[in-house]
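S.K.: File name query_20.txt; file contents compact mmCIF, C-alpha atoms; full text below.
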```
# COMPACT_ATOMS: atom_id res chain seq x y z
CA MET A 1 -17.49 -27.88 -172.25
CA SER A 2 -20.25 -29.93 -170.60
CA ALA A 3 -23.89 -28.91 -170.98
CA SER A 4 -24.44 -29.22 -167.20
CA VAL A 5 -22.58 -30.44 -164.12
CA THR A 6 -24.03 -31.81 -160.87
CA VAL A 7 -22.08 -31.81 -157.62
CA ARG A 8 -23.09 -33.56 -154.40
CA VAL A 9 -22.10 -31.82 -151.14
CA PRO A 10 -22.49 -33.01 -147.52
CA ALA A 11 -23.88 -31.52 -144.34
CA LYS A 12 -21.64 -31.19 -141.29
CA VAL A 13 -21.80 -31.58 -137.55
CA ASN A 14 -19.42 -29.84 -135.16
CA VAL A 15 -18.26 -32.41 -132.63
CA GLN A 16 -16.31 -29.63 -130.93
CA LEU A 17 -16.95 -25.92 -131.32
CA ALA A 18 -14.65 -23.94 -129.04
CA VAL A 19 -15.21 -20.19 -129.38
CA GLY A 20 -12.84 -17.41 -128.36
CA ALA A 21 -13.52 -13.73 -127.84
CA ALA A 22 -14.75 -11.50 -130.66
CA ARG A 23 -11.97 -10.18 -132.90
CA ALA A 24 -11.59 -6.66 -134.27
CA ASP A 25 -13.12 -7.83 -137.58
CA GLY A 26 -16.25 -9.09 -135.80
CA PHE A 27 -15.42 -12.77 -136.21
CA HIS A 28 -14.41 -15.11 -133.39
CA ASP A 29 -11.35 -17.35 -133.25
CA LEU A 30 -12.48 -20.97 -133.26
CA ALA A 31 -11.28 -24.50 -132.71
CA ASN A 32 -13.93 -26.18 -134.80
CA VAL A 33 -13.83 -29.96 -135.26
CA PHE A 34 -15.97 -30.75 -138.30
CA LEU A 35 -17.39 -34.11 -139.34
CA ALA A 36 -19.14 -34.38 -142.70
CA VAL A 37 -22.34 -36.44 -142.48
CA GLY A 38 -24.30 -38.35 -145.09
CA LEU A 39 -27.05 -35.82 -145.75
CA TYR A 40 -26.48 -34.13 -149.10
CA ASP A 41 -27.55 -31.29 -151.33
CA GLU A 42 -27.05 -31.63 -155.07
CA VAL A 43 -26.13 -28.52 -157.04
CA THR A 44 -26.54 -28.56 -160.83
CA VAL A 45 -25.22 -25.76 -163.03
CA THR A 46 -26.23 -25.36 -166.66
CA ALA A 47 -25.19 -22.73 -169.20
CA ALA A 48 -27.85 -20.00 -169.45
CA ASP A 49 -28.38 -16.47 -170.75
CA ARG A 50 -28.18 -15.00 -167.22
CA LEU A 51 -27.48 -16.05 -163.63
CA ARG A 52 -30.52 -17.51 -161.94
CA ILE A 53 -31.24 -19.92 -159.10
CA THR A 54 -33.99 -22.44 -158.51
CA CYS A 55 -34.45 -24.81 -155.59
CA ASP A 56 -36.50 -27.91 -154.78
CA GLY A 57 -36.58 -30.28 -151.85
CA VAL A 58 -36.81 -30.07 -148.06
CA GLY A 59 -37.13 -26.45 -146.89
CA ALA A 60 -36.77 -25.05 -150.41
CA GLY A 61 -39.18 -22.23 -149.62
CA GLN A 62 -36.69 -20.80 -147.11
CA VAL A 63 -33.79 -20.67 -149.58
CA PRO A 64 -33.05 -17.22 -151.09
CA LEU A 65 -33.19 -17.25 -154.88
CA ASP A 66 -31.29 -14.00 -155.40
CA ARG A 67 -27.61 -13.09 -155.34
CA THR A 68 -27.42 -13.34 -151.56
CA ASN A 69 -27.42 -17.13 -152.03
CA LEU A 70 -23.88 -18.47 -151.54
CA ALA A 71 -24.22 -20.57 -154.70
CA ALA A 72 -24.82 -17.42 -156.77
CA ARG A 73 -21.96 -15.64 -155.02
CA ALA A 74 -19.70 -18.62 -155.77
CA ALA A 75 -20.51 -18.46 -159.48
CA GLU A 76 -19.85 -14.70 -159.55
CA LEU A 77 -16.61 -15.05 -157.61
CA LEU A 78 -15.17 -17.73 -159.89
CA ALA A 79 -16.39 -15.96 -163.02
CA GLY A 80 -14.79 -12.71 -161.88
CA ARG A 81 -11.49 -14.48 -161.23
CA TYR A 82 -11.40 -15.85 -164.80
CA GLY A 83 -13.07 -13.01 -166.70
CA ILE A 84 -16.16 -15.08 -167.53
CA ALA A 85 -19.79 -13.93 -167.47
CA PRO A 86 -21.55 -15.86 -164.64
CA ASP A 87 -24.40 -16.88 -166.95
CA VAL A 88 -25.59 -20.14 -165.42
CA HIS A 89 -28.79 -21.65 -164.12
CA ILE A 90 -28.02 -23.04 -160.65
CA HIS A 91 -30.48 -25.62 -159.41
CA ILE A 92 -30.26 -26.78 -155.79
CA ASP A 93 -31.90 -30.03 -154.72
CA LYS A 94 -32.09 -29.59 -150.93
CA ASP A 95 -31.84 -32.39 -148.43
CA ILE A 96 -29.70 -30.65 -145.78
CA PRO A 97 -31.89 -28.89 -143.20
CA VAL A 98 -32.18 -25.16 -143.96
CA ALA A 99 -30.97 -22.66 -141.31
CA GLY A 100 -30.18 -25.57 -139.04
CA GLY A 101 -26.51 -25.18 -138.14
CA MET A 102 -25.48 -27.92 -140.58
CA ALA A 103 -23.83 -25.69 -143.21
CA GLY A 104 -26.42 -26.26 -145.94
CA GLY A 105 -25.86 -22.82 -147.46
CA SER A 106 -22.10 -23.28 -147.26
CA ALA A 107 -22.43 -26.67 -148.92
CA ASP A 108 -24.35 -25.09 -151.79
CA GLY A 109 -21.63 -22.45 -152.19
CA ALA A 110 -18.91 -25.12 -152.37
CA GLY A 111 -21.02 -27.23 -154.73
CA ALA A 112 -21.63 -24.33 -157.10
CA LEU A 113 -17.93 -23.43 -157.09
CA VAL A 114 -16.87 -26.96 -158.03
CA ALA A 115 -19.67 -27.30 -160.59
CA CYS A 116 -18.90 -23.99 -162.30
CA ASP A 117 -15.19 -24.82 -162.37
CA ALA A 118 -16.04 -28.07 -164.17
CA LEU A 119 -18.64 -26.49 -166.48
CA TRP A 120 -16.39 -23.63 -167.57
CA GLY A 121 -13.18 -25.66 -167.63
CA THR A 122 -11.37 -23.01 -165.63
CA GLY A 123 -8.95 -25.58 -164.21
CA ALA A 124 -8.74 -23.97 -160.80
CA GLY A 125 -6.63 -26.14 -158.53
CA ARG A 126 -7.72 -27.37 -155.11
CA GLY A 127 -5.72 -24.65 -153.36
CA GLU A 128 -7.39 -21.91 -155.39
CA LEU A 129 -10.85 -23.39 -154.82
CA LEU A 130 -10.20 -23.49 -151.07
CA GLU A 131 -9.08 -19.85 -151.17
CA LEU A 132 -12.31 -18.89 -152.96
CA CYS A 133 -14.33 -20.97 -150.49
CA ALA A 134 -12.79 -19.02 -147.60
CA GLU A 135 -13.83 -15.76 -149.27
CA LEU A 136 -17.40 -17.03 -149.42
CA GLY A 137 -17.69 -18.03 -145.77
CA SER A 138 -16.10 -19.69 -142.77
CA ASP A 139 -17.75 -23.12 -143.26
CA VAL A 140 -17.47 -23.28 -147.05
CA PRO A 141 -13.93 -24.74 -147.23
CA PHE A 142 -14.95 -27.75 -145.13
CA SER A 143 -17.94 -28.40 -147.41
CA LEU A 144 -15.43 -28.77 -150.22
CA VAL A 145 -13.06 -31.03 -148.26
CA GLY A 146 -15.48 -33.23 -146.26
CA GLY A 147 -14.30 -36.10 -144.08
CA ALA A 148 -13.08 -34.72 -140.78
CA ALA A 149 -11.03 -31.61 -140.11
CA LEU A 150 -9.99 -29.12 -137.47
CA GLY A 151 -10.90 -25.59 -138.48
CA THR A 152 -9.01 -22.70 -136.89
CA GLY A 153 -9.00 -18.96 -137.48
CA ARG A 154 -12.70 -18.30 -138.05
CA GLY A 155 -13.01 -21.96 -139.10
CA GLU A 156 -11.64 -21.61 -142.63
CA LYS A 157 -8.08 -22.85 -141.96
CA LEU A 158 -8.38 -26.63 -142.17
CA GLU A 159 -6.24 -29.47 -140.92
CA PRO A 160 -7.50 -32.92 -142.04
CA LEU A 161 -8.10 -35.39 -139.22
CA ASP A 162 -7.88 -39.17 -139.20
CA VAL A 163 -11.06 -41.06 -138.33
CA GLY A 164 -10.80 -44.72 -137.36
CA GLY A 165 -14.41 -45.73 -137.97
CA GLY A 166 -17.96 -44.65 -138.75
CA PHE A 167 -20.32 -42.86 -136.35
CA TRP A 168 -24.12 -42.86 -136.43
CA TRP A 169 -26.04 -39.65 -135.80
CA VAL A 170 -29.63 -38.48 -135.50
CA PHE A 171 -30.43 -34.87 -136.37
CA ALA A 172 -33.62 -33.37 -134.96
CA VAL A 173 -34.84 -30.51 -137.15
CA ALA A 174 -36.48 -27.78 -135.11
CA ASP A 175 -39.65 -25.93 -136.05
CA GLY A 176 -38.08 -22.53 -136.62
CA GLY A 177 -34.65 -21.08 -137.23
CA LEU A 178 -31.82 -19.30 -135.47
CA SER A 179 -29.67 -16.50 -136.84
CA THR A 180 -25.97 -17.37 -136.55
CA PRO A 181 -24.99 -13.71 -135.86
CA ALA A 182 -27.66 -13.53 -133.14
CA VAL A 183 -26.29 -16.68 -131.50
CA TYR A 184 -22.78 -15.23 -131.50
CA ARG A 185 -24.07 -11.97 -130.00
CA GLU A 186 -25.76 -13.97 -127.26
CA PHE A 187 -22.52 -15.92 -126.73
CA ASP A 188 -20.67 -12.61 -126.27
CA ARG A 189 -23.30 -11.48 -123.75
CA LEU A 190 -23.13 -14.73 -121.78
CA THR A 191 -19.33 -15.08 -122.01
CA PRO A 192 -17.69 -11.72 -121.36
CA VAL A 193 -14.27 -13.37 -121.02
CA ALA A 194 -13.77 -16.27 -123.45
CA PRO A 195 -10.55 -18.30 -123.21
CA ALA A 196 -8.41 -18.96 -126.28
CA PRO A 197 -9.98 -21.93 -128.10
CA GLY A 198 -8.13 -25.21 -128.60
CA ALA A 199 -8.97 -28.68 -129.87
CA SER A 200 -9.62 -31.35 -127.24
CA PRO A 201 -6.91 -34.06 -127.29
CA ALA A 202 -9.44 -36.58 -125.96
CA LEU A 203 -11.84 -35.81 -128.79
CA LEU A 204 -9.15 -36.05 -131.47
CA ALA A 205 -8.05 -39.40 -130.02
CA ALA A 206 -11.65 -40.69 -130.00
CA LEU A 207 -12.02 -39.81 -133.69
CA ARG A 208 -8.69 -41.37 -134.56
CA ASP A 209 -9.60 -44.57 -132.70
CA GLY A 210 -13.18 -44.72 -134.00
CA ASP A 211 -14.32 -44.98 -130.36
CA VAL A 212 -17.96 -43.90 -130.19
CA ARG A 213 -18.21 -43.91 -126.40
CA ALA A 214 -15.05 -41.89 -125.99
CA LEU A 215 -16.34 -39.44 -128.61
CA ALA A 216 -19.64 -39.17 -126.74
CA GLY A 217 -17.74 -38.12 -123.62
CA ALA A 218 -15.72 -35.49 -125.45
CA VAL A 219 -18.17 -33.60 -127.72
CA SER A 220 -18.81 -29.96 -126.83
CA ASN A 221 -20.28 -26.78 -128.26
CA ASP A 222 -19.52 -23.39 -126.69
CA LEU A 223 -22.46 -21.88 -128.61
CA GLN A 224 -24.97 -24.25 -127.02
CA PRO A 225 -25.82 -22.07 -123.98
CA ALA A 226 -26.46 -19.12 -126.31
CA ALA A 227 -28.63 -21.22 -128.65
CA LEU A 228 -30.64 -22.56 -125.70
CA SER A 229 -31.05 -19.05 -124.32
CA LEU A 230 -32.61 -17.91 -127.60
CA PHE A 231 -34.51 -21.17 -128.30
CA PRO A 232 -35.34 -22.69 -124.87
CA SER A 233 -37.55 -25.50 -126.22
CA LEU A 234 -34.41 -27.19 -127.57
CA ARG A 235 -33.80 -28.39 -123.99
CA ASP A 236 -36.81 -30.69 -124.35
CA THR A 237 -35.47 -32.07 -127.61
CA LEU A 238 -32.05 -32.76 -126.10
CA ALA A 239 -33.63 -34.47 -123.09
CA THR A 240 -35.87 -36.63 -125.28
CA GLY A 241 -32.96 -37.91 -127.36
CA THR A 242 -30.88 -38.64 -124.29
CA GLU A 243 -33.74 -40.54 -122.62
CA ALA A 244 -34.17 -42.57 -125.82
CA GLY A 245 -30.60 -43.86 -125.56
CA ALA A 246 -28.38 -41.35 -127.37
CA LEU A 247 -24.81 -41.47 -126.07
CA ALA A 248 -24.42 -37.71 -126.48
CA ALA A 249 -26.71 -34.81 -127.35
CA LEU A 250 -25.74 -31.31 -128.42
CA VAL A 251 -26.87 -28.36 -130.49
CA SER A 252 -25.39 -28.58 -134.00
CA GLY A 253 -23.27 -25.50 -134.62
CA SER A 254 -25.34 -22.38 -134.00
CA GLY A 255 -28.54 -24.46 -134.11
CA PRO A 256 -31.39 -24.94 -133.92
CA THR A 257 -30.85 -28.49 -135.26
CA THR A 258 -29.82 -30.82 -132.43
CA ALA A 259 -27.44 -33.75 -132.94
CA PHE A 260 -27.50 -37.10 -131.16
CA LEU A 261 -24.63 -39.58 -131.27
CA ALA A 262 -25.85 -43.18 -131.26
CA ALA A 263 -24.05 -46.44 -130.55
CA ASP A 264 -25.03 -47.99 -133.89
CA ALA A 265 -27.57 -47.81 -136.74
CA GLU A 266 -30.31 -49.61 -134.79
CA SER A 267 -29.90 -47.29 -131.80
CA ALA A 268 -30.02 -44.29 -134.12
CA ARG A 269 -33.34 -45.45 -135.56
CA ARG A 270 -34.78 -45.86 -132.06
CA VAL A 271 -33.66 -42.37 -131.07
CA ALA A 272 -35.14 -40.90 -134.27
CA ASP A 273 -38.48 -42.67 -133.67
CA ALA A 274 -38.62 -41.37 -130.09
CA LEU A 275 -37.84 -37.82 -131.17
CA LEU A 276 -40.55 -37.85 -133.81
CA ALA A 277 -43.11 -39.36 -131.42
CA SER A 278 -42.33 -36.74 -128.78
CA GLY A 279 -43.39 -33.80 -130.95
CA THR A 280 -40.30 -31.85 -129.87
CA CYS A 281 -38.99 -31.56 -133.44
CA ARG A 282 -40.30 -31.28 -136.99
CA ALA A 283 -38.20 -34.09 -138.45
CA ALA A 284 -35.51 -36.55 -137.37
CA ARG A 285 -32.83 -37.65 -139.83
CA VAL A 286 -30.41 -40.56 -139.43
CA ALA A 287 -26.99 -40.25 -141.06
CA GLN A 288 -23.50 -41.71 -140.80
CA SER A 289 -20.16 -39.92 -140.68
CA PRO A 290 -17.63 -39.22 -141.98
CA ALA A 291 -18.82 -38.49 -145.51
CA PRO A 292 -16.88 -37.34 -148.59
CA GLY A 293 -16.68 -33.69 -149.55
CA ALA A 294 -17.94 -32.02 -152.75
CA MET A 295 -18.05 -34.58 -155.56
CA VAL A 296 -18.92 -34.28 -159.24
CA LEU A 297 -21.58 -36.87 -160.11
```
Please rewrite the model in this file as structure tokens.

M.R.:
Amino acid sequence: MSASVTVRVPAKVNVQLAVGAARADGFHDLANVFLAVGLYDEVTVTAADRLRITCDGVGAGQVPLDRTNLAARAAELLAGRYGIAPDVHIHIDKDIPVAGGMAGGSADGAGALVACDALWGTGAGRGELLELCAELGSDVPFSLVGGAALGTGRGEKLEPLDVGGGFWWVFAVADGGLSTPAVYREFDRLTPVAPAPGASPALLAALRDGDVRALAGAVSNDLQPAALSLFPSLRDTLATGTEAGALAALVSGSGPTTAFLAADAESARRVADALLASGTCRAARVAQSPAPGAMVL
């Protein structure tokens, strides 16, 4: 048994988020096209006398350090499955924006699950880990898998997608947060009749071909009107990035981080500089996609 295990997990961007009507269980059916991007958290688990969590890095002060944290829940879930006491120190080194619609909490849950599996030698297979991820949350399975995938159901049922090249992104981190449940409630208010969600053939073809301009014309987010309704200043951020040369601009997931697709690395740097200079965001991060899923370091 190792003394400690560190797992690196990526952020995500939704290049398509098609949302259906609310289900009886309170969730919404989705057609959610995920791309993992090269911004990472690192989750380290070490044997300890009790379960505890610490966190350093960007936005660490906003991360819960109790058992509501998905990393703690992941440790308890795996331990319960194998009859093990969840006595580990989980340390999260944050670099994914917190509460930004980029699945940072989900990434930490997936990272802790993989790390605890390795630390305890439970030998859970990939299928079992994905099943446990789905119990933890809708975005957690994709944090494990990475790359590109179509998520259906509430987003947890994944179909890997082929990607024919790399894409450059800029992520503008807003000053403030948005509650995902609040965004979905606003979506329900604004969209009393939501059509059944489906993946865009044009978007899937753009990913498969690695065609950045075709992808720019196909990205969409059904939650964007709701996010803008609750956080109107994001309109200024989106406009700034577009004026600076981004090929596409959209709210990332439920927000409030905004995502800008750039033609290449140089264009991405120009967009990031313009966003920072405008004062419409707190930070601007450049990253490439797709990125690998959870990986033991």

S.K.: Which of these, A:Ala134, A:Gly151, A:Ala265, A:Ile96, has the shortest distance to A:Asp56 once you count all atoms listed in the file?

M.R.: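 Ranked by minimum distance to A:Asp56, first place goes to A:Ile96.
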
S.K.: Please provide the set of residues having any atom within 10 Å of A:Ala246, restricted to all atoms listed in the file, with same-chain residues fewer than 2 positions apart removed, written as a ChimeraX atom specification.

M.R.: /A:169-170,216,238-244,248-249,259-264,267-268,270-272

S.K.: Please return as a PyMOL selection string every residue within 12 Å of (-16.5, -28.9, -161.6), taking into account all atoms listed in the file and the file's own coordinates.

M.R.: chain A and resi 1-8+43-46+75+78+110-126+129+144+294-297

S.K.: Using only C-alpha atoms, which residue out of A:Val183, A:Ala283, A:Ala74, A:Leu204 lies closest to A:Gln16?

M.R.: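 Of the candidates, the smallest distance to A:Gln16 is held by A:Leu204.
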
S.K.: Please compute the atom CA of A:Pro97-atom CA of A:Thr257 distance, one decimal, in Å.

M.R.: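 Going from atom CA of A:Pro97 over to atom CA of A:Thr257 covers 8.0 Å.
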
S.K.: Counting all atoms listed in the file, note down every residue that has an atom within 12 Å of the point (-18.3, -35.1, -148.1) (file coordinates), as a PyMOL selection string.

M.R.: chain A and resi 7-13+34-42+103+107+110-111+140-149+288-296

S.K.: Using atom CA of A:Leu150 and atom CA of A:Gly177 as the two end points, give the distance in Å to one decimal.

M.R.: 25.9 Å

S.K.: Could you jot down the atom CA of A:Pro232 to atom CA of A:Met102 separation for me, Å, one decimal place?

M.R.: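 Taking atom CA of A:Pro232 and atom CA of A:Met102, their separation equals 19.3 Å.
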
S.K.: Which is closest to A:Ser106 among A:Arg73, A:Arg81, A:Arg52, A:His89, if we use all atoms listed in the file?

M.R.: A:Arg73

S.K.: Nearest to A:Ala218: which of A:Ala284, A:Leu51, A:Ala21, A:Val33 is it, counting only C-alpha atoms?

M.R.: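 Closest to A:Ala218 of all the choices is A:Val33.
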
S.K.: When you count all atoms listed in the file, which of these residues is closest to A:Gly176: A:Arg282, A:Asp108, A:Ala196, A:Ile90?

M.R.: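 Closest to A:Gly176 of all the choices is A:Arg282.
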
S.K.: Name all residues at most 7 Å from A:Ser138 (count all atoms listed in the file; drop same-chain ones fewer than 3 positions away) and give them as an MDAnalysis selection string.

M.R.: chainID A and resid 134 154:156

S.K.: Which residue, A:Ala24, A:Thr191, A:Leu215, A:Ala99, has the smallest gap to A:Gln62 when you use only C-alpha atoms?

M.R.: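 When distances to A:Gln62 are compared using only C-alpha atoms, the smallest one comes from A:Ala99.
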